[in-house]
Structure formats: C-alpha cells, structure tokens
file query.txt (compact mmCIF, C-alpha atoms and all ligand atoms)
# COMPACT_ATOMS: atom_id res chain seq x y z
CA MET A 180 0.00 0.00 0.00
CA GLU A 181 1.59 3.26 -1.04
CA HIS A 182 1.76 6.02 1.58
CA LEU A 183 2.38 9.55 0.46
CA PRO A 184 5.80 10.82 1.57
CA VAL A 185 5.91 13.56 4.19
CA GLU A 186 7.26 16.03 1.62
CA VAL A 187 3.87 16.03 -0.12
CA PHE A 188 2.11 17.29 3.00
CA ILE A 189 4.83 19.86 3.75
CA LYS A 190 4.52 21.15 0.19
CA ARG A 191 0.72 21.47 0.51
CA ARG A 192 1.09 23.41 3.75
CA ARG A 193 3.60 25.72 2.11
CA ALA A 194 1.40 26.24 -0.94
CA LEU A 195 -1.56 27.08 1.29
CA MET A 196 0.52 29.54 3.31
CA ASP A 197 1.80 31.14 0.11
CA SER A 198 -1.79 31.89 -0.85
CA LEU A 199 -2.46 33.75 2.43
CA PRO A 200 -1.47 37.28 3.49
CA ASP A 201 1.33 37.97 5.98
CA LYS A 202 0.52 37.74 9.66
CA ALA A 203 -2.19 35.18 9.03
CA LEU A 204 -2.75 32.47 11.58
CA LEU A 205 -4.42 29.37 10.23
CA LEU A 206 -6.20 26.74 12.32
CA VAL A 207 -7.35 23.31 11.09
CA PRO A 208 -8.70 20.85 13.66
CA SER A 209 -8.60 17.08 13.34
CA ALA A 210 -11.70 14.96 13.73
CA THR A 211 -12.60 13.52 17.12
CA LEU A 212 -14.02 10.14 18.01
CA VAL A 213 -17.81 9.90 17.81
CA THR A 214 -19.83 7.75 20.20
CA ARG A 215 -21.63 4.83 18.56
CA SER A 216 -23.40 3.52 21.64
CA ARG A 217 -22.73 4.01 25.33
CA ASP A 218 -18.95 3.61 25.64
CA THR A 219 -18.10 2.37 22.13
CA GLU A 220 -17.13 4.60 19.25
CA HIS A 221 -17.49 4.66 15.50
CA PRO A 222 -14.29 3.76 13.67
CA PHE A 223 -12.14 6.87 13.48
CA ARG A 224 -12.19 8.80 10.19
CA GLN A 225 -9.84 11.77 9.96
CA ASP A 226 -11.16 15.16 8.84
CA SER A 227 -10.42 15.47 5.11
CA ASP A 228 -8.88 18.97 5.29
CA PHE A 229 -6.69 17.98 8.21
CA TRP A 230 -5.63 14.78 6.46
CA TYR A 231 -4.87 16.67 3.23
CA LEU A 232 -2.49 18.97 5.10
CA THR A 233 -0.89 16.57 7.58
CA GLY A 234 -1.29 12.89 6.66
CA PHE A 235 -1.76 12.41 10.42
CA ASN A 236 -4.44 9.94 11.41
CA GLU A 237 -5.02 10.58 15.12
CA PRO A 238 -7.98 12.33 16.74
CA ASP A 239 -7.74 15.40 18.98
CA ALA A 240 -5.12 17.45 17.21
CA LEU A 241 -4.88 20.98 15.82
CA LEU A 242 -2.77 22.19 12.92
CA VAL A 243 -1.52 25.77 13.28
CA LEU A 244 0.22 27.58 10.44
CA MET A 245 1.74 31.01 10.95
CA LYS A 246 2.45 33.01 7.83
CA GLY A 247 4.97 35.86 7.72
CA TYR A 248 5.60 36.14 11.42
CA GLU A 249 9.21 36.64 12.43
CA LYS A 250 9.52 33.30 10.75
CA SER A 251 6.72 31.26 9.21
CA GLU A 252 6.02 28.18 11.21
CA GLN A 253 4.13 24.96 10.97
CA LEU A 254 2.94 23.72 14.36
CA LEU A 255 0.98 20.75 15.59
CA PHE A 256 -0.89 20.23 18.84
CA ASN A 257 -1.50 16.54 19.41
CA GLN A 258 -2.08 13.90 22.07
CA PRO A 259 0.93 13.24 24.29
CA LYS A 260 2.56 9.86 24.67
CA ASP A 261 0.79 7.99 27.50
CA LYS A 262 1.81 4.43 28.20
CA LEU A 263 -1.42 3.46 29.93
CA MET A 264 -3.73 4.99 27.31
CA GLU A 265 -1.66 3.52 24.50
CA THR A 266 -2.16 0.06 25.99
CA TRP A 267 -5.89 0.54 25.47
CA THR A 268 -6.24 2.55 22.30
CA GLY A 269 -3.00 2.14 20.39
CA ILE A 270 0.28 3.90 19.81
CA ARG A 271 0.25 7.68 19.73
CA LEU A 272 2.83 9.49 17.68
CA GLY A 273 3.58 12.09 20.36
CA GLN A 274 5.42 15.36 19.92
CA VAL A 275 9.00 14.29 19.22
CA ALA A 276 8.07 11.95 16.39
CA ALA A 277 5.49 14.42 15.01
CA VAL A 278 8.30 16.88 14.31
CA ILE A 279 10.49 14.25 12.67
CA GLN A 280 7.90 12.17 10.82
CA LEU A 281 5.34 14.81 9.86
CA GLY A 282 7.77 17.64 9.13
CA PHE A 283 6.53 20.17 11.69
CA ASP A 284 8.69 22.93 13.12
CA GLN A 285 7.31 22.24 16.58
CA ALA A 286 4.73 20.02 18.20
CA PHE A 287 3.02 20.64 21.54
CA ALA A 288 0.89 18.45 23.76
CA LEU A 289 -2.78 19.25 23.37
CA ALA A 290 -2.92 20.29 27.04
CA ASP A 291 -0.63 23.24 26.20
CA ILE A 292 -3.05 24.71 23.72
CA ASP A 293 -4.66 27.31 25.98
CA GLN A 294 -1.21 28.43 27.06
CA GLN A 295 0.24 28.67 23.55
CA LEU A 296 -2.57 29.87 21.31
CA PRO A 297 -3.12 33.30 22.92
CA LYS A 298 0.62 33.99 22.45
CA LEU A 299 0.40 33.15 18.76
CA LEU A 300 -2.84 35.08 18.33
CA ALA A 301 -1.31 38.18 19.84
CA GLU A 302 0.98 38.43 16.84
CA ALA A 303 -1.59 37.70 14.14
CA SER A 304 -3.51 40.29 12.19
CA GLU A 305 -5.96 37.81 10.72
CA VAL A 306 -7.18 34.29 11.32
CA TRP A 307 -8.26 31.60 8.86
CA MET A 308 -10.27 28.61 10.03
CA PRO A 309 -13.24 26.49 9.00
CA LEU A 310 -16.07 28.73 10.19
CA GLU A 311 -18.68 26.02 10.44
CA ASP A 312 -16.73 24.42 13.30
CA GLU A 313 -18.59 25.87 16.26
CA ALA A 314 -16.38 24.20 18.88
CA LEU A 315 -13.24 25.67 17.33
CA TYR A 316 -14.84 29.08 16.97
CA SER A 317 -15.86 29.24 20.61
CA ARG A 318 -12.34 28.14 21.59
CA TYR A 319 -10.99 30.93 19.39
CA LEU A 320 -13.13 33.47 21.23
CA PHE A 321 -11.76 32.15 24.51
CA TRP A 322 -8.17 32.54 23.23
CA ARG A 323 -8.94 36.08 22.10
CA GLN A 324 -10.18 36.86 25.55
CA GLN A 325 -6.98 35.42 26.96
CA VAL A 326 -4.93 37.75 24.75
CA ARG A 327 -6.80 40.67 26.24
CA THR A 328 -6.24 39.60 29.81
CA ARG A 329 -2.71 38.25 29.50
CA PHE A 330 -1.07 40.68 27.11
CA LYS A 331 -3.15 43.78 27.73
CA ARG A 332 -1.35 46.77 26.23
CA VAL A 333 1.23 45.07 24.10
CA ALA A 334 -1.05 42.93 22.04
CA SER A 335 -3.32 43.85 19.19
CA LEU A 336 -6.05 41.43 18.20
CA PRO A 337 -6.73 39.95 14.76
CA THR A 338 -9.16 42.22 12.97
CA ARG A 339 -10.32 39.73 10.42
CA ILE A 340 -11.45 36.12 10.41
CA THR A 341 -11.89 34.28 7.10
CA ASP A 342 -13.41 30.93 6.22
CA LEU A 343 -10.60 28.60 5.25
CA SER A 344 -12.87 25.96 3.72
CA GLN A 345 -13.25 27.70 0.38
CA GLN A 346 -9.52 28.35 -0.03
CA LEU A 347 -8.70 24.74 0.77
CA GLY A 348 -11.60 23.50 -1.33
CA GLU A 349 -10.15 25.14 -4.41
CA MET A 350 -6.76 23.53 -3.70
CA ARG A 351 -8.30 20.12 -3.17
CA LEU A 352 -10.40 20.35 -6.31
CA LEU A 353 -7.36 20.17 -8.58
CA LYS A 354 -5.86 16.75 -8.03
CA GLN A 355 -2.08 16.45 -8.10
CA PRO A 356 -0.35 13.46 -9.73
CA GLU A 357 0.21 11.70 -6.42
CA GLU A 358 -3.49 12.00 -5.61
CA ILE A 359 -4.51 10.73 -9.02
CA ILE A 360 -2.53 7.54 -8.39
CA LEU A 361 -4.51 6.98 -5.19
CA MET A 362 -7.84 7.84 -6.83
CA LYS A 363 -7.11 5.33 -9.57
CA GLN A 364 -6.54 2.71 -6.89
CA ALA A 365 -9.81 3.61 -5.15
CA ALA A 366 -11.61 3.37 -8.50
CA ARG A 367 -9.93 0.08 -9.46
CA ILE A 368 -10.76 -1.58 -6.14
CA SER A 369 -14.34 -0.28 -6.34
CA ALA A 370 -14.66 -1.66 -9.89
CA GLU A 371 -13.33 -5.07 -8.90
CA ALA A 372 -15.77 -5.23 -6.01
CA HIS A 373 -18.66 -4.53 -8.40
CA CYS A 374 -17.36 -7.31 -10.69
CA ARG A 375 -17.35 -9.65 -7.72
CA ALA A 376 -20.97 -8.73 -6.92
CA MET A 377 -22.02 -9.46 -10.50
CA GLN A 378 -20.22 -12.79 -10.45
CA VAL A 379 -21.71 -14.09 -7.20
CA CYS A 380 -25.22 -12.67 -7.51
CA LYS A 381 -28.10 -15.12 -7.77
CA PRO A 382 -31.80 -15.16 -6.94
CA SER A 383 -32.75 -15.73 -3.27
CA MET A 384 -29.63 -14.01 -1.97
CA TYR A 385 -30.19 -11.07 0.34
CA GLU A 386 -29.13 -7.57 -0.59
CA TYR A 387 -26.87 -7.47 2.47
CA GLN A 388 -25.05 -10.54 1.22
CA LEU A 389 -24.07 -8.66 -1.93
CA GLN A 390 -23.07 -5.74 0.28
CA ALA A 391 -20.85 -8.14 2.24
CA GLU A 392 -19.21 -9.41 -0.96
CA ILE A 393 -18.51 -5.85 -2.10
CA GLU A 394 -17.10 -4.70 1.22
CA TYR A 395 -15.06 -7.93 1.58
CA GLU A 396 -13.33 -7.08 -1.69
CA PHE A 397 -12.68 -3.52 -0.50
CA ARG A 398 -10.89 -4.73 2.62
CA MET A 399 -9.09 -7.60 0.90
CA GLN A 400 -7.57 -5.09 -1.49
CA GLY A 401 -6.33 -2.71 1.18
CA ALA A 402 -9.12 -0.13 1.17
CA SER A 403 -10.18 1.07 4.61
CA GLY A 404 -13.80 0.22 3.78
CA PRO A 405 -16.65 1.91 1.95
CA SER A 406 -16.37 5.64 1.27
CA TYR A 407 -20.10 6.03 2.04
CA SER A 408 -22.89 3.65 3.10
CA SER A 409 -23.21 1.00 0.39
CA ILE A 410 -26.55 0.96 -1.38
CA VAL A 411 -27.80 -2.43 -2.60
CA GLY A 412 -31.40 -2.16 -3.78
CA ALA A 413 -33.16 -4.90 -5.73
CA GLY A 414 -36.51 -4.49 -7.49
CA ASP A 415 -38.57 -1.59 -6.16
CA ASN A 416 -35.78 -0.71 -3.70
CA ALA A 417 -33.67 0.52 -6.61
CA CYS A 418 -36.11 3.44 -6.88
CA VAL A 419 -35.18 4.69 -3.39
CA LEU A 420 -32.13 6.84 -4.01
CA HIS A 421 -30.48 6.48 -0.60
CA TYR A 422 -31.69 2.97 0.25
CA VAL A 423 -29.13 1.61 2.73
CA GLU A 424 -31.16 -0.99 4.65
CA ASN A 425 -30.06 -3.63 2.16
CA SER A 426 -32.33 -6.12 3.95
CA ALA A 427 -34.52 -7.63 1.22
CA VAL A 428 -34.25 -10.92 -0.59
CA MET A 429 -33.51 -10.55 -4.31
CA GLN A 430 -35.86 -12.08 -6.84
CA ALA A 431 -35.20 -13.50 -10.30
CA GLY A 432 -36.56 -11.04 -12.85
CA ASP A 433 -35.59 -7.98 -10.82
CA LEU A 434 -32.69 -5.63 -11.36
CA VAL A 435 -30.36 -4.84 -8.48
CA LEU A 436 -28.79 -1.40 -8.19
CA ILE A 437 -25.49 -1.21 -6.31
CA ASP A 438 -24.00 2.17 -5.46
CA ALA A 439 -20.79 1.47 -3.55
CA GLY A 440 -17.23 2.75 -3.53
CA ALA A 441 -14.02 1.98 -1.69
CA GLU A 442 -12.05 4.49 0.33
CA TYR A 443 -8.34 4.11 -0.35
CA GLN A 444 -5.81 6.21 1.57
CA GLY A 445 -8.64 8.61 2.25
CA TYR A 446 -9.77 8.89 -1.41
CA ALA A 447 -13.26 7.86 -2.48
CA GLY A 448 -14.40 5.64 -5.29
CA ASP A 449 -18.07 6.03 -6.23
CA ILE A 450 -19.58 3.54 -8.66
CA THR A 451 -23.13 2.51 -9.47
CA ARG A 452 -23.97 -0.50 -11.59
CA THR A 453 -27.40 -2.01 -12.18
CA PHE A 454 -27.76 -5.60 -13.31
CA PRO A 455 -30.30 -8.44 -13.42
CA VAL A 456 -30.43 -10.67 -10.36
CA ASN A 457 -30.68 -13.77 -12.59
CA GLY A 458 -28.07 -12.60 -15.11
CA THR A 459 -30.39 -11.72 -18.01
CA PHE A 460 -32.09 -8.37 -18.73
CA SER A 461 -35.77 -8.49 -19.73
CA THR A 462 -36.84 -6.42 -22.75
CA PRO A 463 -38.23 -3.41 -20.83
CA GLN A 464 -35.18 -3.47 -18.55
CA GLN A 465 -32.93 -3.50 -21.62
CA GLN A 466 -34.72 -0.56 -23.17
CA LEU A 467 -34.47 1.63 -20.11
CA TYR A 468 -30.94 0.45 -19.35
CA ASN A 469 -29.63 1.30 -22.78
CA LEU A 470 -31.13 4.76 -22.52
CA VAL A 471 -29.33 5.45 -19.23
CA LEU A 472 -26.14 4.00 -20.72
CA LYS A 473 -26.45 6.29 -23.73
CA ALA A 474 -26.73 9.30 -21.41
CA ASN A 475 -23.72 8.12 -19.39
CA GLU A 476 -21.60 7.67 -22.51
CA LEU A 477 -22.75 10.97 -23.97
CA ALA A 478 -21.66 12.88 -20.86
CA ILE A 479 -18.30 11.10 -20.88
CA SER A 480 -17.79 12.03 -24.53
CA LEU A 481 -18.44 15.70 -23.70
CA THR A 482 -15.97 15.80 -20.81
CA ARG A 483 -12.93 17.94 -21.59
CA PRO A 484 -11.31 21.14 -20.34
CA ALA A 485 -13.56 24.21 -20.68
CA ALA A 486 -16.78 22.17 -20.76
CA THR A 487 -18.98 22.61 -17.66
CA LEU A 488 -20.90 20.22 -15.44
CA ASP A 489 -24.04 22.19 -16.30
CA GLU A 490 -23.53 21.44 -19.99
CA LEU A 491 -23.06 17.74 -19.23
CA HIS A 492 -26.21 17.68 -17.14
CA GLN A 493 -28.23 19.47 -19.81
CA ALA A 494 -27.03 16.99 -22.43
CA VAL A 495 -27.98 14.09 -20.15
CA VAL A 496 -31.44 15.54 -19.52
CA ARG A 497 -32.04 16.06 -23.26
CA CYS A 498 -30.90 12.53 -24.04
CA LEU A 499 -33.07 10.95 -21.33
CA VAL A 500 -36.16 13.01 -22.18
CA THR A 501 -35.85 12.18 -25.88
CA GLY A 502 -35.59 8.49 -25.03
CA LEU A 503 -38.46 8.61 -22.53
CA VAL A 504 -40.69 10.12 -25.21
CA GLU A 505 -39.66 7.42 -27.69
CA LEU A 506 -40.45 4.70 -25.12
CA GLY A 507 -43.82 6.32 -24.34
CA LEU A 508 -42.97 7.11 -20.71
CA LEU A 509 -43.36 10.84 -21.36
CA GLN A 510 -45.75 12.41 -23.80
CA GLY A 511 -45.25 15.71 -25.53
CA ASP A 512 -42.56 17.76 -27.06
CA VAL A 513 -39.00 17.39 -25.77
CA GLU A 514 -38.38 21.14 -25.35
CA SER A 515 -41.44 21.73 -23.19
CA LEU A 516 -40.85 18.56 -21.15
CA ILE A 517 -37.37 19.93 -20.38
CA GLU A 518 -38.73 23.42 -19.75
CA THR A 519 -41.41 22.22 -17.30
CA GLU A 520 -39.04 19.69 -15.71
CA ALA A 521 -41.64 16.98 -16.24
CA TYR A 522 -38.79 14.45 -16.43
CA LYS A 523 -37.98 14.97 -12.75
CA VAL A 524 -40.45 12.25 -11.73
CA PHE A 525 -38.02 9.81 -13.39
CA PHE A 526 -34.67 11.61 -13.06
CA MET A 527 -34.62 13.75 -9.95
CA HIS A 528 -30.94 14.09 -9.09
CA GLY A 529 -27.90 15.79 -10.56
CA THR A 530 -25.52 14.16 -13.02
CA SER A 531 -22.21 14.94 -11.33
CA HIS A 532 -20.38 15.88 -8.18
CA TRP A 533 -16.70 16.44 -7.44
CA LEU A 534 -14.92 13.41 -6.07
CA GLY A 535 -11.83 13.24 -3.86
CA LEU A 536 -11.15 12.84 -0.16
CA ASP A 537 -14.87 13.34 0.33
CA VAL A 538 -17.30 11.46 -1.85
CA HIS A 539 -19.16 14.70 -2.45
CA ASP A 540 -15.92 16.57 -2.62
CA VAL A 541 -15.15 20.22 -1.98
CA GLY A 542 -14.67 22.96 -4.57
CA LEU A 543 -17.05 25.54 -5.95
CA TYR A 544 -19.48 24.54 -8.69
CA ARG A 545 -20.13 28.09 -9.79
CA GLN A 546 -17.95 31.16 -10.06
CA GLU A 547 -19.27 34.67 -10.58
CA GLY A 548 -22.72 33.24 -11.11
CA LYS A 549 -21.64 30.91 -13.89
CA ALA A 550 -20.86 27.20 -14.06
CA ARG A 551 -17.09 26.91 -13.79
CA PRO A 552 -15.11 25.51 -16.73
CA LEU A 553 -13.58 22.11 -16.20
CA GLN A 554 -9.80 21.87 -15.91
CA ALA A 555 -7.36 19.00 -16.23
CA GLY A 556 -6.91 17.36 -12.82
CA MET A 557 -10.54 17.63 -11.72
CA VAL A 558 -12.25 14.35 -10.85
CA PHE A 559 -16.02 13.94 -10.75
CA THR A 560 -18.81 11.43 -11.22
CA ILE A 561 -21.16 10.94 -14.15
CA GLU A 562 -24.28 9.25 -12.87
CA PRO A 563 -27.47 9.50 -14.90
CA GLY A 564 -30.39 7.38 -13.74
CA LEU A 565 -34.04 6.59 -14.33
CA TYR A 566 -36.40 5.50 -11.57
CA ILE A 567 -39.95 4.41 -12.35
CA ALA A 568 -41.66 4.19 -8.97
CA PRO A 569 -43.70 1.02 -8.34
CA ASP A 570 -46.85 3.13 -7.87
CA GLN A 571 -46.16 5.48 -10.77
CA ALA A 572 -49.49 6.36 -12.37
CA ASP A 573 -49.84 6.96 -16.12
CA VAL A 574 -47.13 4.55 -17.23
CA ASP A 575 -47.38 1.11 -18.74
CA PRO A 576 -47.09 -1.37 -15.81
CA GLN A 577 -44.12 -3.05 -17.52
CA TRP A 578 -41.92 -0.10 -16.47
CA ARG A 579 -42.99 0.09 -12.85
CA GLY A 580 -40.42 -0.68 -10.16
CA ILE A 581 -37.42 -0.38 -12.45
CA GLY A 582 -34.60 1.78 -11.08
CA ILE A 583 -31.35 2.18 -13.00
CA ARG A 584 -28.26 4.28 -12.39
CA ILE A 585 -24.90 3.96 -14.12
CA GLU A 586 -22.14 5.89 -12.37
CA ASP A 587 -18.52 6.30 -13.38
CA ASP A 588 -15.64 8.36 -12.00
CA VAL A 589 -13.79 10.49 -14.53
CA LEU A 590 -10.57 12.47 -14.51
CA VAL A 591 -10.35 15.51 -16.78
CA THR A 592 -7.18 15.32 -18.90
CA ALA A 593 -5.57 17.87 -21.22
CA THR A 594 -7.59 16.64 -24.18
CA GLY A 595 -10.67 14.94 -22.78
CA CYS A 596 -11.08 12.55 -19.89
CA GLU A 597 -10.04 9.24 -18.48
CA VAL A 598 -12.72 6.95 -17.07
CA LEU A 599 -11.25 5.61 -13.84
CA THR A 600 -13.95 3.00 -13.33
CA SER A 601 -13.80 1.17 -16.65
CA GLY A 602 -12.74 -2.04 -14.86
CA VAL A 603 -16.38 -3.05 -14.35
CA PRO A 604 -18.57 -3.64 -17.40
CA LYS A 605 -21.59 -1.49 -18.12
CA THR A 606 -22.87 -2.70 -21.49
CA ILE A 607 -25.63 -5.30 -21.39
CA ALA A 608 -23.43 -7.76 -23.27
CA GLY A 609 -20.50 -7.14 -20.93
CA ILE A 610 -22.58 -7.55 -17.78
CA GLU A 611 -24.39 -10.68 -18.98
CA ALA A 612 -21.10 -12.26 -20.07
CA LEU A 613 -19.45 -11.57 -16.71
CA MET A 614 -22.48 -12.93 -14.85
CA LYS A 615 -22.28 -16.10 -16.95
CA GLY A 616 -18.68 -16.55 -15.84
CA ASP A 617 -16.79 -15.09 -18.77
CA ASP A 618 -13.92 -13.33 -17.05
CA TYR A 619 -12.81 -11.62 -20.28
CA ALA A 620 -15.91 -9.46 -20.05
CA ARG A 621 -14.10 -7.35 -17.48
CA HIS A 622 -11.57 -6.11 -19.98
N1 LIG B 701 -23.03 7.41 -3.60
C1 LIG B 701 -23.34 8.75 -3.47
C2 LIG B 701 -23.50 9.39 -4.76
O1 LIG B 701 -23.49 8.72 -5.78
O2 LIG B 701 -23.58 10.57 -4.86
MN MN B 702 -21.98 9.81 -6.84
MN MN B 703 -22.70 6.77 -5.99
call {"tool": "encode", "arguments": {"input": "query.txt", "output": "structure tokens", "more": "lines below"}}
Ligand code: GLY
Ligand code: MN
Ligand code: MN
result
Amino acid sequence: MEHLPVEVFIKRRRALMDSLPDKALLLVPSATLVTRSRDTEHPFRQDSDFWYLTGFNEPDALLVLMKGYEKSEQLLFNQPKDKLMETWTGIRLGQVAAVIQLGFDQAFALADIDQQLPKLLAEASEVWMPLEDEALYSRYLFWRQQVRTRFKRVASLPTRITDLSQQLGEMRLLKQPEEIILMKQAARISAEAHCRAMQVCKPSMYEYQLQAEIEYEFRMQGASGPSYSSIVGAGDNACVLHYVENSAVMQAGDLVLIDAGAEYQGYAGDITRTFPVNGTFSTPQQQLYNLVLKANELAISLTRPAATLDELHQAVVRCLVTGLVELGLLQGDVESLIETEAYKVFFMHGTSHWLGLDVHDVGLYRQEGKARPLQAGMVFTIEPGLYIAPDQADVDPQWRGIGIRIEDDVLVTATGCEVLTSGVPKTIAGIEALMKGDDYARH
C-alpha cells in the first residue's frame, strides 16, 4: 500500500501559506471520536482537510500555520505519549516523532493549547479557520479573551477572520499526480468489487449478502472500507435513491442497483452499476438500461477542459427526455418537457459531483454566477439514472419498479477525460457475459 511521503504534505502546507497574506494564523482541527453507543465509538475517520495537510491519522489534534511572522512556522498540537492509554487505544505518535515524521517545526501536547494559542494570536492580524466548526470558533473566542487579559497593552487582536474551507476547497479540487494515483486505486478496487458482486449474484440471496461481498473485496484489497454507506437495492428498492437498509431478498426477474465505492488512503471511489439478479435483462429493462447508458456515454464524450458540469447535465437531460418520449414514458414535445421539468419524476438528481477525499468533494461549482469551466486534474462522477416508482401512475405497468443508475468516476485530462472506473462492465453484453462466468468481459 503506497503512503504519500511527508514532503507532499509539507509542500501542501507551504502552498496554502503562500496563498495567504502575511501575519495570518491558520487553524485546522482534526476529527474527534464519535460515540456509537454508550462507551463504544465509531471507527475513526480523519477530517479530510486535516488529512490533506498533515497525513496524520489521530484524533484530537490541531494544525496551526503562521504566515509571515518573524519566521513562518508549521505547528501541531496533538495527544501526548501515554503508556497506559496507548495500551488501550493504540500507539500515539507524540510530539517528538510528530516533528520528525510529519515535518513540523514544533509540536506541543494538546494540554498546552490554551497556554500557547493566545501567544500566537497576539501576533496575528488575521485568522483563517473552518467557520462552520462551532467548537473551534468558541475556543478561538476564549483565546482572544486570553490575549486581552494576558497581554493587555502590548497585544493587538486579529481584525479579520476568514473561512478557510473555500480556499482549501479550491486547492483540493485540482488533483495532483500523487493524488490521481490513489484515486485510480480507489476506483480500481471499487470496480473489482462490483465485478465480484455481478459474479456471485443469484436469486434468493439477500441484498446485504451482496453488500458483504462488495465490502469484503474492498478490505481484501487494502481499502479502509466503503467511502459512504453501500446501497444495494433490488426491485422496487432501486427506486429509493439512498436505500441503505439492504435487507430484502432478491428475486429473479428484478434488477439490483449497487451504489458502492471503496475508500483508499482517504480517497473515495463512487460507482453505481445495475444488473439483473438472474443474469439476463428483460426487454423493458434492456430498453431503459440502454437509454441510461447512452446518457452516461454521452456525458463522458463531452468531458474535456472548458466544458462545464451544467452542460453535461443538460445533455444528459435532453438525451433521457428524448428516449423517454420514444419509449412512451413521457408524452409531448422534448423542449417543453425539459422546460417544465416533467422528467424529474423519473430523473430527480444531478448528473455529477466532485470526487476526492470526500465522496461529495469540496470545490465551488459556480464562479461569478456561472458554471465553472472544467480543468485537467478535476475528478467527478457521471451518474445519470431513471427511476420508475412502483406506484407510478400513467405509465405502462411493464416499467414500474425499475430503477437504474450507471455511475462512473472520470478524470479531466488535457484533451478529454479518463474513465477511472472502466474495470467493471456497463454494457448489457459485458454484464451478462461476466455474470455467466466469462472473465474476459471485465476487460
Ligand atoms: N453514492 C453517493 C453518490 O453517488 O452521490
Ligand atoms: Mn456519486
Ligand atoms: Mn454513488
């Protein structure tokens, strides 16, 4: 498993500091453990911003960057070494090793924070931090108060506080080569897990058994687990967009929709495939499936620098509406069906979202009121779908209870895009061949 070298994180911290004015103090907190029930906790997942800047995977830490002080400094506050606690919850890096292994100028025990932070604040003219973090903000107000009481006449106080999330979001949106390697791994593992699900699926299995197969593959291949709650919905359940119960038995004749992705070194894969539980698409399933596939492939073909996600979405909508009219699921003229958004009963979500350390990754979608142009290094999903609810009135009963989504992860390149998730088939022929046991269908 490749780990990014410490130099990568040092370089990111420097680049972030370079983008800030002098005398800026920057605060980024780590995640903390979250209670699952009584005295047990959810598995720890580091805050994505903190991870991006430190590569440090412990809870209860604070990154502090000081720009253009007497000297610029990169500081870390983290848990101290504690033999007894480490016996229970695992090795802590501590302060000495944090300096050496993570490339900080200094590291302090977390308990020193209220002593140290007012001193640092007294020299800052502005502060950058994630503003939605209420706990950090109230701590900041406490430290400000401390500056007043402890340094009285000598100290001035920062006059400006700015939300760091947007600045960091723009950095994280453009993936660097070392991140692209990891995203390709996340996508490859996710694709292989979907192949596994297609290969083992058969009628009478439970949805959660397919989920187990998928997540087994994630872990076997070195991913930390799913990057979001896996969705396995067969039959009518495929029409529930965020169905995560995964508790039903799967019937021959139904489609099963799986939306699942691996998290690898913090990076998310995000794939949806929809396939027949018994390995063979029925005619109505084929017709709707090929329409969604056409929309997916159309959006991929339009992906290149300077295109926008809005354009891709509009092309997908036009393609789906045209097909729905041809199949008789919508009646009327394509333009007015688009205008009135009549298609939203069947396609009610967006086509794309940024992908990275978060599955719905950071980065602005619009700039100056307009959809932003795509640039090489951006990674996002293309995920058109059609969902004909089981109780949908005014449609031929043959369509009811069919839900289909086909989701790929794409990287914008200098000339077009690279589909990172091509390791799992999406054509009807490819899926049916893989389900029959033809391993060549994967390639
Ligand atoms: N799996 C979440 C999404 O596709 O957006
Ligand atoms: Mn997605
Ligand atoms: Mn998804």
call {"tool": "closest_atom_pairs", "arguments": {"input": "query.txt", "of": "chain A", "to": "ligand MN 703 (chain B)", "cutoff": "6 Å", "atoms": "only C-alpha atoms and all ligand atoms", "output": "JSON lines"}}
result
{"residue": "A:Asp438", "atom": "CA", "partner": "B:MN703", "partner_atom": "MN", "distance": 4.8}
{"residue": "A:Asp449", "atom": "CA", "partner": "B:MN703", "partner_atom": "MN", "distance": 4.7}
{"residue": "A:Ile450", "atom": "CA", "partner": "B:MN703", "partner_atom": "MN", "distance": 5.2}
{"residue": "A:Thr451", "atom": "CA", "partner": "B:MN703", "partner_atom": "MN", "distance": 5.5}
call {"tool": "residues_near_ligand", "arguments": {"input": "query.txt", "ligand": "ligand LIG 701 (chain B)", "cutoff": "12 Å", "atoms": "only C-alpha atoms and all ligand atoms", "output": "VMD selection string"}}
result
chain A and resid 369 405 to 411 420 to 423 436 to 441 447 to 452 528 to 534 537 to 540 559 to 564 584 to 588
call {"tool": "axis_aligned_box", "arguments": {"input": "query.txt", "around": "region 439-452 of chain A", "padding_each_side": "3 Å", "output": "AutoDock Vina command-line options"}}
result
--center_x -14.9 --center_y 4.2 --center_z -4.7 --size_x 24.2 --size_y 15.4 --size_z 19.8
call {"tool": "residues_around", "arguments": {"input": "query.txt", "residues": "Val541 (chain A)", "least_positions_apart": "3", "cutoff": "9 Å", "atoms": "only C-alpha atoms", "output": "list in words"}}
result
Ser344, Gln345, Leu347, Gly348, Glu349, Arg351, Leu352, Trp533, Leu534, Gly535, Leu536 and Asp537 of chain A
call {"tool": "atom_distance", "arguments": {"input": "query.txt", "atom1": "CA of Ala521 (chain A)", "atom2": "CA of Arg497 (chain A)"}}
result
11.9 Å
